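Q: The file below is entry20.cif, mmCIF, C-alpha atoms and all ligand atoms:
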data_start
loop_
_atom_site.label_atom_id
_atom_site.label_comp_id
_atom_site.auth_asym_id
_atom_site.auth_seq_id
_atom_site.Cartn_x
_atom_site.Cartn_y
_atom_site.Cartn_z
CA MET A 1297 18.94 80.90 74.03
CA LYS A 1298 21.05 77.97 75.18
CA MET A 1299 19.83 74.38 75.05
CA ILE A 1300 20.95 72.28 77.99
CA ILE A 1301 20.18 68.89 79.54
CA ARG A 1302 19.81 67.93 83.19
CA TRP A 1303 22.61 65.68 84.39
CA PHE A 1304 23.45 64.22 87.82
CA PRO A 1305 27.15 63.91 88.67
CA PHE A 1306 29.27 61.42 90.62
CA GLY A 1307 27.95 58.26 89.02
CA ASP A 1308 24.36 59.05 90.00
CA ASP A 1309 23.10 59.08 86.42
CA SER A 1310 22.97 56.39 83.75
CA VAL A 1311 23.40 59.13 81.14
CA THR A 1312 27.00 60.19 80.56
CA LEU A 1313 28.59 63.48 79.54
CA SER A 1314 30.07 61.80 76.48
CA GLN A 1315 26.53 60.87 75.37
CA ILE A 1316 25.23 64.37 76.07
CA ARG A 1317 27.93 66.03 74.00
CA GLN A 1318 26.75 64.00 71.00
CA ILE A 1319 23.26 65.53 71.06
CA PRO A 1320 23.41 68.26 68.42
CA GLY A 1321 22.88 71.75 69.75
CA VAL A 1322 23.34 71.06 73.46
CA SER A 1323 25.77 73.51 75.04
CA GLY A 1324 25.76 72.42 78.64
CA VAL A 1325 24.12 70.74 81.59
CA ALA A 1326 21.93 71.71 84.51
CA THR A 1327 23.48 69.93 87.43
CA CYS A 1328 23.69 69.82 91.22
CA LEU A 1329 25.55 68.47 94.21
CA SER A 1330 22.72 66.26 95.36
CA LYS A 1331 24.79 64.62 98.11
CA VAL A 1332 25.33 67.87 100.02
CA PRO A 1333 22.70 67.95 102.79
CA VAL A 1334 20.08 70.65 102.42
CA GLY A 1335 21.18 73.73 104.35
CA ALA A 1336 24.94 73.09 104.03
CA VAL A 1337 27.31 75.21 101.94
CA TRP A 1338 28.30 73.68 98.60
CA PRO A 1339 32.09 73.27 98.71
CA LEU A 1340 34.06 75.31 96.21
CA ASP A 1341 36.63 72.62 95.49
CA THR A 1342 33.92 70.09 94.58
CA LEU A 1343 32.25 72.65 92.33
CA ARG A 1344 35.57 73.42 90.62
CA ALA A 1345 36.23 69.74 89.99
CA LEU A 1346 32.72 69.28 88.64
CA LYS A 1347 33.03 72.25 86.33
CA GLU A 1348 36.32 70.90 85.00
CA GLU A 1349 34.86 67.48 84.38
CA ILE A 1350 31.92 68.97 82.48
CA ALA A 1351 34.20 71.31 80.53
CA SER A 1352 36.42 68.39 79.53
CA TYR A 1353 33.45 67.21 77.43
CA GLY A 1354 33.07 70.61 75.81
CA LEU A 1355 30.00 71.42 77.92
CA GLU A 1356 29.11 74.36 80.17
CA MET A 1357 27.96 74.38 83.78
CA GLU A 1358 26.02 77.65 83.85
CA VAL A 1359 22.83 76.31 85.42
CA ILE A 1360 22.31 74.66 88.78
CA GLU A 1361 19.17 72.68 89.49
CA SER A 1362 18.61 72.78 92.42
CA VAL A 1363 20.00 74.29 95.57
CA ASN A 1364 17.20 73.13 97.86
CA ILE A 1365 15.84 75.46 100.50
CA HIS A 1366 15.93 74.34 104.11
CA GLU A 1367 12.48 73.77 105.63
CA ASP A 1368 13.32 76.23 108.46
CA ILE A 1369 13.42 79.01 105.85
CA LYS A 1370 10.06 77.97 104.43
CA LYS A 1371 8.62 77.68 107.93
CA GLY A 1372 10.05 81.06 108.94
CA LEU A 1373 11.82 79.72 112.06
CA PRO A 1374 14.46 81.85 113.83
CA SER A 1375 17.15 79.46 112.59
CA ARG A 1376 16.34 80.52 109.01
CA ASP A 1377 18.97 83.27 109.05
CA ARG A 1378 21.72 80.71 109.48
CA TYR A 1379 20.43 78.73 106.51
CA ILE A 1380 20.02 81.85 104.41
CA ASP A 1381 23.65 82.77 105.15
CA ALA A 1382 24.68 79.30 104.00
CA TYR A 1383 22.59 79.72 100.84
CA ILE A 1384 24.33 83.00 100.05
CA LYS A 1385 27.72 81.40 100.64
CA THR A 1386 26.74 78.66 98.19
CA MET A 1387 25.77 81.37 95.68
CA GLU A 1388 29.19 82.97 96.13
CA ASN A 1389 30.83 79.62 95.35
CA LEU A 1390 28.56 79.10 92.35
CA HIS A 1391 29.53 82.51 91.07
CA ALA A 1392 33.20 81.61 91.44
CA VAL A 1393 32.70 78.74 88.98
CA GLY A 1394 30.67 80.78 86.49
CA VAL A 1395 27.11 79.72 87.30
CA LYS A 1396 24.57 82.13 85.80
CA CYS A 1397 21.20 80.66 86.71
CA LEU A 1398 19.90 78.90 89.80
CA CYS A 1399 16.69 76.88 89.65
CA TYR A 1400 15.04 76.18 93.01
CA ASN A 1401 11.58 75.63 94.42
CA PHE A 1402 9.68 76.76 97.49
CA MET A 1403 7.33 73.79 97.69
CA PRO A 1404 6.70 72.70 101.27
CA VAL A 1405 8.10 69.28 102.25
CA MET A 1406 8.00 67.56 98.90
CA ASP A 1407 9.00 68.36 95.35
CA TRP A 1408 7.07 66.91 92.40
CA VAL A 1409 4.67 64.00 92.94
CA ARG A 1410 3.40 61.26 90.64
CA SER A 1411 1.23 58.22 91.27
CA GLU A 1412 3.25 56.11 88.83
CA LEU A 1413 6.74 56.52 87.53
CA ALA A 1414 6.61 53.95 84.75
CA GLN A 1415 3.20 53.27 83.30
CA PRO A 1416 3.29 51.39 80.00
CA ILE A 1417 1.48 53.14 77.13
CA ALA A 1418 0.29 51.91 73.72
CA ASP A 1419 3.59 52.46 71.88
CA GLY A 1420 5.44 50.18 74.32
CA SER A 1421 7.22 52.99 76.17
CA THR A 1422 6.53 54.04 79.76
CA VAL A 1423 5.52 57.43 81.12
CA MET A 1424 4.98 59.11 84.48
CA VAL A 1425 1.38 59.52 85.51
CA TYR A 1426 -0.49 61.52 88.14
CA ARG A 1427 -3.95 60.54 89.36
CA HIS A 1428 -5.12 62.90 92.07
CA ALA A 1429 -7.55 60.59 93.88
CA GLU A 1430 -4.87 57.89 94.15
CA VAL A 1431 -2.25 60.27 95.49
CA GLU A 1432 -4.64 61.76 98.04
CA LYS A 1433 -5.64 58.27 99.17
CA LEU A 1434 -2.07 57.28 99.95
CA ASN A 1435 -0.75 58.81 103.08
CA PRO A 1436 2.36 60.93 102.53
CA SER A 1437 4.75 58.27 103.78
CA SER A 1438 3.40 55.67 101.38
CA ILE A 1439 3.65 58.11 98.50
CA MET A 1440 7.25 58.54 99.59
CA GLU A 1441 7.77 54.77 99.56
CA SER A 1442 6.14 54.33 96.20
CA MET A 1443 8.01 57.28 94.61
CA THR A 1444 11.40 56.20 95.91
CA GLY A 1445 10.68 52.46 95.61
CA GLU A 1446 9.85 52.74 91.92
CA ALA A 1447 12.88 54.85 91.18
CA GLY A 1448 15.12 51.90 90.30
CA GLY A 1449 17.69 52.63 93.01
CA TYR A 1450 18.14 56.30 92.11
CA SER A 1451 17.48 58.97 94.69
CA LEU A 1452 14.88 61.17 93.08
CA PRO A 1453 15.70 64.86 92.94
CA GLY A 1454 13.60 66.58 95.60
CA TRP A 1455 13.04 63.29 97.43
CA GLU A 1456 16.35 63.16 99.24
CA PRO A 1457 16.31 60.82 102.29
CA GLU A 1458 17.14 63.56 104.78
CA ARG A 1459 14.19 65.59 103.59
CA LEU A 1460 11.90 62.62 103.99
CA LYS A 1461 12.74 61.81 107.62
CA GLU A 1462 10.75 64.74 108.94
CA MET A 1463 8.02 64.51 106.36
CA ALA A 1464 5.05 63.57 108.54
CA SER A 1465 5.67 66.22 111.19
CA ASP A 1466 6.51 68.81 108.52
CA ILE A 1467 3.22 68.20 106.77
CA GLU A 1468 1.37 68.77 110.03
CA TYR A 1469 3.33 71.99 110.55
CA TYR A 1470 2.52 73.39 107.12
CA ARG A 1471 -1.15 72.55 107.42
CA ASN A 1472 -1.28 75.14 110.18
CA ILE A 1473 0.59 77.84 108.28
CA SER A 1474 -1.60 80.41 106.52
CA PRO A 1475 -0.89 81.24 102.87
CA GLU A 1476 -0.09 84.82 103.97
CA THR A 1477 2.61 83.60 106.35
CA TYR A 1478 4.01 81.30 103.70
CA TRP A 1479 4.22 84.16 101.19
CA ALA A 1480 5.85 86.33 103.86
CA ASN A 1481 8.46 83.62 104.50
CA MET A 1482 9.19 83.50 100.81
CA LYS A 1483 9.57 87.27 100.64
CA TYR A 1484 11.94 87.21 103.59
CA PHE A 1485 14.11 84.69 101.73
CA LEU A 1486 13.99 86.63 98.45
CA ASP A 1487 14.80 89.97 100.03
CA ALA A 1488 17.83 88.38 101.63
CA VAL A 1489 19.22 86.55 98.59
CA ILE A 1490 18.25 88.71 95.58
CA PRO A 1491 20.76 91.51 96.30
CA TRP A 1492 23.45 88.81 96.29
CA ALA A 1493 22.07 87.30 93.10
CA GLU A 1494 22.46 90.74 91.49
CA ARG A 1495 25.95 91.06 92.80
CA TYR A 1496 26.97 87.59 91.64
CA ASP A 1497 24.99 87.86 88.39
CA ILE A 1498 23.05 84.68 89.13
CA LYS A 1499 19.47 84.68 87.88
CA MET A 1500 17.22 83.07 90.48
CA ALA A 1501 14.57 80.93 88.78
CA ILE A 1502 11.83 79.52 90.98
CA HIS A 1503 10.19 76.32 89.73
CA PRO A 1504 6.38 76.21 89.86
CA ASP A 1505 4.59 73.81 92.17
CA ASP A 1506 4.08 70.40 90.60
CA PRO A 1507 1.22 69.49 90.50
CA PRO A 1508 -0.19 73.01 90.44
CA TRP A 1509 -2.95 72.38 93.00
CA ALA A 1510 -3.19 71.67 96.72
CA LEU A 1511 -2.19 68.25 97.97
CA TYR A 1512 -2.41 66.95 101.57
CA GLY A 1513 -3.57 70.41 102.62
CA LEU A 1514 -0.11 71.89 101.95
CA PRO A 1515 0.22 75.50 100.78
CA LYS A 1516 0.80 75.98 97.04
CA LEU A 1517 2.18 79.23 95.73
CA ILE A 1518 3.41 79.18 92.14
CA THR A 1519 0.65 77.61 90.09
CA GLY A 1520 -0.63 80.17 87.56
CA GLN A 1521 -0.87 83.69 86.17
CA GLU A 1522 -2.25 85.34 89.30
CA ASN A 1523 0.14 84.01 91.92
CA MET A 1524 3.06 84.39 89.54
CA ALA A 1525 2.16 88.08 89.35
CA THR A 1526 2.17 88.18 93.17
CA PHE A 1527 5.57 86.52 93.20
CA VAL A 1528 7.02 89.09 90.78
CA GLU A 1529 5.82 91.87 93.07
CA LEU A 1530 7.50 90.36 96.13
CA ASN A 1531 10.84 91.59 94.88
CA PRO A 1532 11.15 93.91 91.87
CA SER A 1533 14.55 92.74 90.64
CA VAL A 1534 14.72 90.87 87.32
CA TYR A 1535 17.01 88.49 89.18
CA ASN A 1536 13.88 87.33 90.98
CA GLY A 1537 12.50 85.15 88.21
CA PHE A 1538 11.03 81.87 87.05
CA THR A 1539 11.82 78.48 85.71
CA PHE A 1540 8.88 78.27 83.32
CA CYS A 1541 7.94 74.59 83.48
CA THR A 1542 5.30 73.87 80.85
CA GLY A 1543 4.59 70.41 82.22
CA SER A 1544 3.85 71.69 85.73
CA LEU A 1545 1.88 74.78 84.71
CA GLY A 1546 0.24 72.95 81.81
CA SER A 1547 -1.14 70.15 83.99
CA THR A 1548 -4.17 72.36 84.45
CA GLY A 1549 -6.14 73.61 81.47
CA ALA A 1550 -6.70 76.85 83.39
CA ASN A 1551 -3.26 78.15 82.40
CA ASP A 1552 -2.72 79.78 79.02
CA LEU A 1553 1.00 79.20 78.70
CA PRO A 1554 1.89 81.43 75.71
CA THR A 1555 0.05 84.35 77.35
CA MET A 1556 1.88 83.72 80.62
CA ILE A 1557 5.23 83.63 78.83
CA ARG A 1558 4.43 86.98 77.24
CA SER A 1559 3.41 88.57 80.52
CA PHE A 1560 6.44 87.38 82.52
CA SER A 1561 8.99 87.47 79.71
CA ASP A 1562 11.57 89.60 81.54
CA ARG A 1563 11.46 87.21 84.52
CA ILE A 1564 11.75 83.88 82.72
CA HIS A 1565 15.35 82.73 82.94
CA PHE A 1566 15.02 79.01 82.43
CA ALA A 1567 12.39 76.97 80.59
CA HIS A 1568 11.56 73.31 81.17
CA LEU A 1569 9.70 72.32 78.02
CA ARG A 1570 7.60 69.19 77.97
CA ASN A 1571 4.14 68.08 76.99
CA VAL A 1572 1.33 66.52 79.03
CA LYS A 1573 -1.96 64.86 78.27
CA ARG A 1574 -4.69 65.80 80.72
CA HIS A 1575 -7.36 63.32 81.74
CA GLY A 1576 -10.03 65.34 83.50
CA GLU A 1577 -9.21 68.13 85.91
CA ARG A 1578 -6.60 66.63 88.17
CA ASP A 1579 -5.17 63.66 86.30
CA PHE A 1580 -2.52 63.71 83.64
CA GLU A 1581 0.22 61.72 81.99
CA GLU A 1582 3.51 62.96 80.63
CA THR A 1583 4.04 62.42 76.92
CA ALA A 1584 6.62 62.80 74.16
CA HIS A 1585 7.52 66.46 73.54
CA LEU A 1586 5.74 66.80 70.18
CA SER A 1587 2.58 68.98 70.19
CA ALA A 1588 0.54 66.16 68.65
CA ALA A 1589 1.46 63.85 71.55
CA GLY A 1590 -0.28 65.87 74.26
CA ASP A 1591 -2.47 68.85 75.09
CA LEU A 1592 0.17 71.58 74.89
CA ASP A 1593 0.93 73.44 71.69
CA MET A 1594 4.71 73.37 71.85
CA TYR A 1595 5.01 75.51 68.72
CA GLU A 1596 2.99 78.33 70.35
CA ILE A 1597 5.03 77.98 73.55
CA VAL A 1598 8.39 78.15 71.77
CA LYS A 1599 7.05 80.97 69.58
CA ALA A 1600 6.10 83.01 72.66
CA LEU A 1601 9.62 82.56 74.05
CA HIS A 1602 11.17 83.41 70.69
CA GLU A 1603 9.02 86.50 70.11
CA THR A 1604 9.78 87.87 73.56
CA GLY A 1605 13.51 87.62 72.88
CA PHE A 1606 14.16 84.82 75.37
CA SER A 1607 17.90 84.60 75.99
CA GLY A 1608 17.99 82.19 78.92
CA TYR A 1609 18.28 78.41 79.08
CA ILE A 1610 15.91 75.75 77.79
CA ARG A 1611 15.98 72.12 78.68
CA PRO A 1612 13.78 69.30 77.46
CA ASP A 1613 11.94 67.80 80.39
CA HIS A 1614 11.01 64.25 81.34
CA GLY A 1615 9.42 62.54 78.36
CA ARG A 1616 8.97 58.81 78.02
CA MET A 1617 11.31 55.93 78.77
CA ILE A 1618 11.84 54.39 75.34
CA TRP A 1619 13.85 51.67 73.59
CA GLY A 1620 14.16 49.68 76.82
CA GLU A 1621 16.28 52.32 78.52
CA GLN A 1622 16.82 51.95 82.28
CA ALA A 1623 17.40 55.38 83.76
CA ARG A 1624 16.27 57.80 86.42
CA PRO A 1625 12.51 58.28 86.12
CA GLY A 1626 11.97 61.24 83.83
CA TYR A 1627 15.61 61.56 82.92
CA GLY A 1628 16.37 59.00 80.24
CA LEU A 1629 18.69 59.92 77.41
CA TYR A 1630 16.73 58.92 74.34
CA ASP A 1631 13.42 60.72 74.61
CA ARG A 1632 15.10 63.85 75.94
CA ALA A 1633 17.54 63.80 73.02
CA ILE A 1634 14.60 63.57 70.61
CA GLY A 1635 12.83 66.36 72.53
CA THR A 1636 15.91 68.56 72.39
CA ASN A 1637 16.15 68.39 68.64
CA TYR A 1638 12.44 68.89 68.14
CA LEU A 1639 12.62 72.07 70.24
CA LEU A 1640 15.75 73.23 68.44
CA GLY A 1641 13.97 72.61 65.13
CA LEU A 1642 11.09 74.84 66.19
CA TRP A 1643 13.56 77.50 67.27
CA GLU A 1644 15.50 77.36 64.00
CA ALA A 1645 12.30 77.71 61.98
CA LEU A 1646 11.30 80.75 64.04
CA ASP A 1647 14.76 82.25 63.60
CA LYS A 1648 14.53 81.77 59.87
CA GLN A 1649 11.04 83.21 59.64
CA LYS A 1650 12.36 86.26 61.41
CA GLY A 1651 15.33 86.41 59.09
CA GLU A 1652 17.81 85.80 61.90
CA ALA A 1653 19.53 82.69 60.70
C1 LIG B 1 11.36 67.62 88.26
C2 LIG B 1 12.10 68.89 88.33
C3 LIG B 1 12.05 69.46 89.73
C4 LIG B 1 12.89 70.70 89.84
C5 LIG B 1 12.86 71.31 91.22
C6 LIG B 1 13.61 72.60 91.27
O1 LIG B 1 11.65 66.84 87.42
O2 LIG B 1 11.69 69.81 87.40
O3 LIG B 1 12.53 68.48 90.62
O4 LIG B 1 14.21 70.39 89.53
O5 LIG B 1 11.55 71.51 91.65
O6 LIG B 1 13.94 72.87 92.59
#
How does the structure come out when it is put into structure tokens?
A:
Amino acid sequence: MKMIIRWFPFGDDSVTLSQIRQIPGVSGVATCLSKVPVGAVWPLDTLRALKEEIASYGLEMEVIESVNIHEDIKKGLPSRDRYIDAYIKTMENLHAVGVKCLCYNFMPVMDWVRSELAQPIADGSTVMVYRHAEVEKLNPSSIMESMTGEAGGYSLPGWEPERLKEMASDIEYYRNISPETYWANMKYFLDAVIPWAERYDIKMAIHPDDPPWALYGLPKLITGQENMATFVELNPSVYNGFTFCTGSLGSTGANDLPTMIRSFSDRIHFAHLRNVKRHGERDFEETAHLSAAGDLDMYEIVKALHETGFSGYIRPDHGRMIWGEQARPGYGLYDRAIGTNYLLGLWEALDKQKGEA
């Protein structure tokens, strides 16, 4: 298992590599070229320079989060082949700089959604909150304005401006796509890229839909045990795997996360570990990582990964904004650093119980 932290390059992050290297037990970063438009090939020279910069701080760049998928691929348009070719070319370039795991999502139009990015809680910190009725009440373009407007000048990952331009018409398009067609479009993509993932030894790790239920009538695919089993069957290669995000999958009490980890263990390549507190069926807030802070039993989650011999990457996820930090929503330094060492502590205890350390 390798513990990593998400980091945005080229001055687009308040957190620095020199800070990250001081967090005990962190071996690298999950990063991305967020300025490259979706659908374009990621340039090799930029990737090389980025890898060198990261390495100069003693850190590894083995995980990319994310190479976003062009909407034409998700829609299944004839132009998808061109974008799939570009995706494969990007994978070739990632392989050339030693990338081993690629996190991506297949969510239509928008990535993760929250109704508030900085809600104050009792301890004086702020957290991200999702209230379903509020989000459904806003039309998609006002959710876009509120998500990006509250982001403190940062472009949110998954909410890139070029993706947002077409949002309204895209939403209309997807409303008329059947789930069967959407699954077929995903399979088409997987069947094209997975042989290259095998060749380049890059584990593909799809991120679940966040939140894990339908919103604005858009199709949702990766939300729980059953559809994850369908996904696994789409392409039998172990390179066709998951980013197991406990916050996304754990936003609904319907998912038994340790059981899911055990059933998909050979396909989990990357784990995003965070806690959530659920308020009713469709509302939740993000919390500190500790089990006692939310509804997820982080010990049981880490234990399931440990027992199944997990050898991929773990990163702490979101967490609170604490100690007055001003950072990208969900990606402050302090609470993630605390989360990292809590998770590493659980891992060390499990190692020792097993007589491995
Ligand atoms: C949210 C993240 C997601 C994730 C993408 C992967 O904080 O976990 O934005 O990176 O869905 O493509």
Q: Enumerate residues in contact with ligand LIG 1 (chain B): an atom-to-atom distance of at most 6 Å, counting all atoms listed in the file. Format the result as a PyMOL selection string.
A: chain A and resi 1361-1362+1399-1401+1407-1408+1453-1454+1503
Q: Which is closer to Gly1546 (chain A) than all the others in A:Ser1561, A:Asn1571, A:Asn1523, A:Thr1444, using only C-alpha atoms?
A: A:Asn1571
Q: Could you jot down the CA of Leu1329 (chain A) to CA of Trp1479 (chain A) separation for me, Å, one decimal place?
A: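 Interatomic distance here is 27.4 Å.
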Q: Quick one: distance from CA of His1575 (chain A) to CA of Thr1542 (chain A) in Å, one decimal?
A: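 Result for CA of His1575 (chain A) versus CA of Thr1542 (chain A): 16.5 Å, one decimal.
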Q: For CA of Met1299 (chain A) and CA of Ile1319 (chain A), determine how far apart the two atoms are, in Å to one decimal place.
A: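 Between CA of Met1299 (chain A) and CA of Ile1319 (chain A) the gap is 10.3 Å.
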Q: Just want the 12 Å neighbourhood of Gly1605 (chain A), counted on only C-alpha atoms, with same-chain residues fewer than 5 positions away dropped. Output as an NGL selection string.
A: :A and (1297 or 1557-1558 or 1560-1565 or 1598-1600 or 1643 or 1646-1647 or 1650 or 1652)
Q: Within 12 Å of Val1363 (chain A), counting all atoms listed in the file, which residues qualify if same-chain residues fewer than 4 places away don't, as number ranges by chain?
A: A: 1326-1338, 1359, 1379-1380, 1382-1387, 1390, 1397-1402, 1453-1454, 1500-1503
Q: Mind listing whatever residues come within 12 Å of the point (18.1, 55.6, 80.6)? Use all atoms listed in the file, file coordinates, and give them as a short mmCIF file (atom, residue, chain, number, x, y, z; two decimals) with C-alpha atoms, keeping the file's coordinate frame.
A:
data_model
loop_
_atom_site.label_atom_id
_atom_site.label_comp_id
_atom_site.auth_asym_id
_atom_site.auth_seq_id
_atom_site.Cartn_x
_atom_site.Cartn_y
_atom_site.Cartn_z
CA TRP A 1303 22.61 65.68 84.39
CA ASP A 1308 24.36 59.05 90.00
CA ASP A 1309 23.10 59.08 86.42
CA SER A 1310 22.97 56.39 83.75
CA VAL A 1311 23.40 59.13 81.14
CA THR A 1312 27.00 60.19 80.56
CA GLN A 1315 26.53 60.87 75.37
CA THR A 1422 6.53 54.04 79.76
CA ALA A 1447 12.88 54.85 91.18
CA GLY A 1448 15.12 51.90 90.30
CA TYR A 1450 18.14 56.30 92.11
CA HIS A 1614 11.01 64.25 81.34
CA GLY A 1615 9.42 62.54 78.36
CA ARG A 1616 8.97 58.81 78.02
CA MET A 1617 11.31 55.93 78.77
CA ILE A 1618 11.84 54.39 75.34
CA TRP A 1619 13.85 51.67 73.59
CA GLY A 1620 14.16 49.68 76.82
CA GLU A 1621 16.28 52.32 78.52
CA GLN A 1622 16.82 51.95 82.28
CA ALA A 1623 17.40 55.38 83.76
CA ARG A 1624 16.27 57.80 86.42
CA PRO A 1625 12.51 58.28 86.12
CA GLY A 1626 11.97 61.24 83.83
CA TYR A 1627 15.61 61.56 82.92
CA GLY A 1628 16.37 59.00 80.24
CA LEU A 1629 18.69 59.92 77.41
CA TYR A 1630 16.73 58.92 74.34
CA ASP A 1631 13.42 60.72 74.61
CA ARG A 1632 15.10 63.85 75.94
CA ALA A 1633 17.54 63.80 73.02
#
Q: Find the residues near Leu1313 (chain A): any atom within 9 Å, counting only C-alpha atoms, skip ones fewer than 6 places away on the same chain, and give them as an mmCIF file with C-alpha atoms, keeping the file's coordinate frame.
A:
data_model
loop_
_atom_site.group_PDB
_atom_site.id
_atom_site.type_symbol
_atom_site.label_atom_id
_atom_site.label_comp_id
_atom_site.auth_asym_id
_atom_site.auth_seq_id
_atom_site.Cartn_x
_atom_site.Cartn_y
_atom_site.Cartn_z
ATOM 1 C CA TRP A 1303 22.610 65.680 84.390
ATOM 2 C CA VAL A 1325 24.120 70.740 81.590
ATOM 3 C CA GLU A 1349 34.860 67.480 84.380
ATOM 4 C CA ILE A 1350 31.920 68.970 82.480
ATOM 5 C CA TYR A 1353 33.450 67.210 77.430
ATOM 6 C CA LEU A 1355 30.000 71.420 77.920
#
Q: Which of these residues is nearest to Ile1634 (chain A), using only C-alpha atoms: A:Leu1586, A:Ile1610, A:Met1482, A:Leu1340?
A: A:Leu1586
Q: I'd like the neighbourhood of Lys1396 (chain A) as a list in words, where a residue qualifies if any of its atoms comes within 7 Å (using only C-alpha atoms), though same-chain residues fewer than 2 positions away should be ignored.
A: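 In the requested format, the answer is Glu1358, Val1359, Gly1394, Leu1398, Asp1497, Ile1498 and Lys1499 of chain A.
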Q: Could you check which of A:Lys1648, A:His1366, A:Lys1573, A:Arg1611 is closest to Met1424 (chain A), using all atoms listed in the file?
A: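 Once distances to Met1424 (chain A) are computed over all atoms listed in the file, the minimum belongs to A:Lys1573.
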Q: N, CA, C and O atoms for region 1509-1521 of chain A, written as an mmCIF file, in the frame of the given file, could you do that?
A:
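Everything below was put into rebuild.cif:
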data_model
loop_
_atom_site.group_PDB
_atom_site.id
_atom_site.type_symbol
_atom_site.label_atom_id
_atom_site.label_comp_id
_atom_site.auth_asym_id
_atom_site.auth_seq_id
_atom_site.Cartn_x
_atom_site.Cartn_y
_atom_site.Cartn_z
ATOM 1 N N TRP A 1509 -1.756 72.270 92.145
ATOM 2 C CA TRP A 1509 -2.950 72.380 93.000
ATOM 3 C C TRP A 1509 -2.605 71.778 94.361
ATOM 4 O O TRP A 1509 -1.623 71.057 94.510
ATOM 5 N N ALA A 1510 -3.483 72.065 95.347
ATOM 6 C CA ALA A 1510 -3.190 71.670 96.720
ATOM 7 C C ALA A 1510 -3.216 70.149 96.889
ATOM 8 O O ALA A 1510 -4.008 69.451 96.269
ATOM 9 N N LEU A 1511 -2.318 69.669 97.705
ATOM 10 C CA LEU A 1511 -2.190 68.250 97.970
ATOM 11 C C LEU A 1511 -1.907 68.096 99.463
ATOM 12 O O LEU A 1511 -1.053 68.826 100.002
ATOM 13 N N TYR A 1512 -2.579 67.187 100.127
ATOM 14 C CA TYR A 1512 -2.410 66.950 101.570
ATOM 15 C C TYR A 1512 -2.566 68.227 102.387
ATOM 16 O O TYR A 1512 -1.937 68.390 103.428
ATOM 17 N N GLY A 1513 -3.331 69.177 101.860
ATOM 18 C CA GLY A 1513 -3.570 70.410 102.620
ATOM 19 C C GLY A 1513 -2.347 71.309 102.721
ATOM 20 O O GLY A 1513 -2.314 72.234 103.536
ATOM 21 N N LEU A 1514 -1.330 71.064 101.887
ATOM 22 C CA LEU A 1514 -0.110 71.890 101.950
ATOM 23 C C LEU A 1514 -0.284 73.171 101.131
ATOM 24 O O LEU A 1514 -0.974 73.155 100.113
ATOM 25 N N PRO A 1515 0.342 74.269 101.569
ATOM 26 C CA PRO A 1515 0.220 75.500 100.780
ATOM 27 C C PRO A 1515 0.869 75.349 99.400
ATOM 28 O O PRO A 1515 1.885 74.670 99.255
ATOM 29 N N LYS A 1516 0.255 75.968 98.405
ATOM 30 C CA LYS A 1516 0.800 75.980 97.040
ATOM 31 C C LYS A 1516 0.927 77.440 96.646
ATOM 32 O O LYS A 1516 0.009 78.219 96.881
ATOM 33 N N LEU A 1517 2.010 77.813 96.050
ATOM 34 C CA LEU A 1517 2.180 79.230 95.730
ATOM 35 C C LEU A 1517 2.291 79.533 94.248
ATOM 36 O O LEU A 1517 1.651 80.438 93.738
ATOM 37 N N ILE A 1518 3.129 78.807 93.536
ATOM 38 C CA ILE A 1518 3.410 79.180 92.140
ATOM 39 C C ILE A 1518 2.678 78.198 91.229
ATOM 40 O O ILE A 1518 3.197 77.127 90.895
ATOM 41 N N THR A 1519 1.466 78.553 90.857
ATOM 42 C CA THR A 1519 0.650 77.610 90.090
ATOM 43 C C THR A 1519 0.013 78.231 88.846
ATOM 44 O O THR A 1519 -0.564 77.512 88.037
ATOM 45 N N GLY A 1520 0.046 79.563 88.713
ATOM 46 C CA GLY A 1520 -0.630 80.170 87.560
ATOM 47 C C GLY A 1520 -0.403 81.665 87.493
ATOM 48 O O GLY A 1520 0.335 82.246 88.300
ATOM 49 N N GLN A 1521 -1.049 82.264 86.495
ATOM 50 C CA GLN A 1521 -0.870 83.690 86.170
ATOM 51 C C GLN A 1521 -0.950 84.607 87.410
ATOM 52 O O GLN A 1521 -0.081 85.435 87.640
#
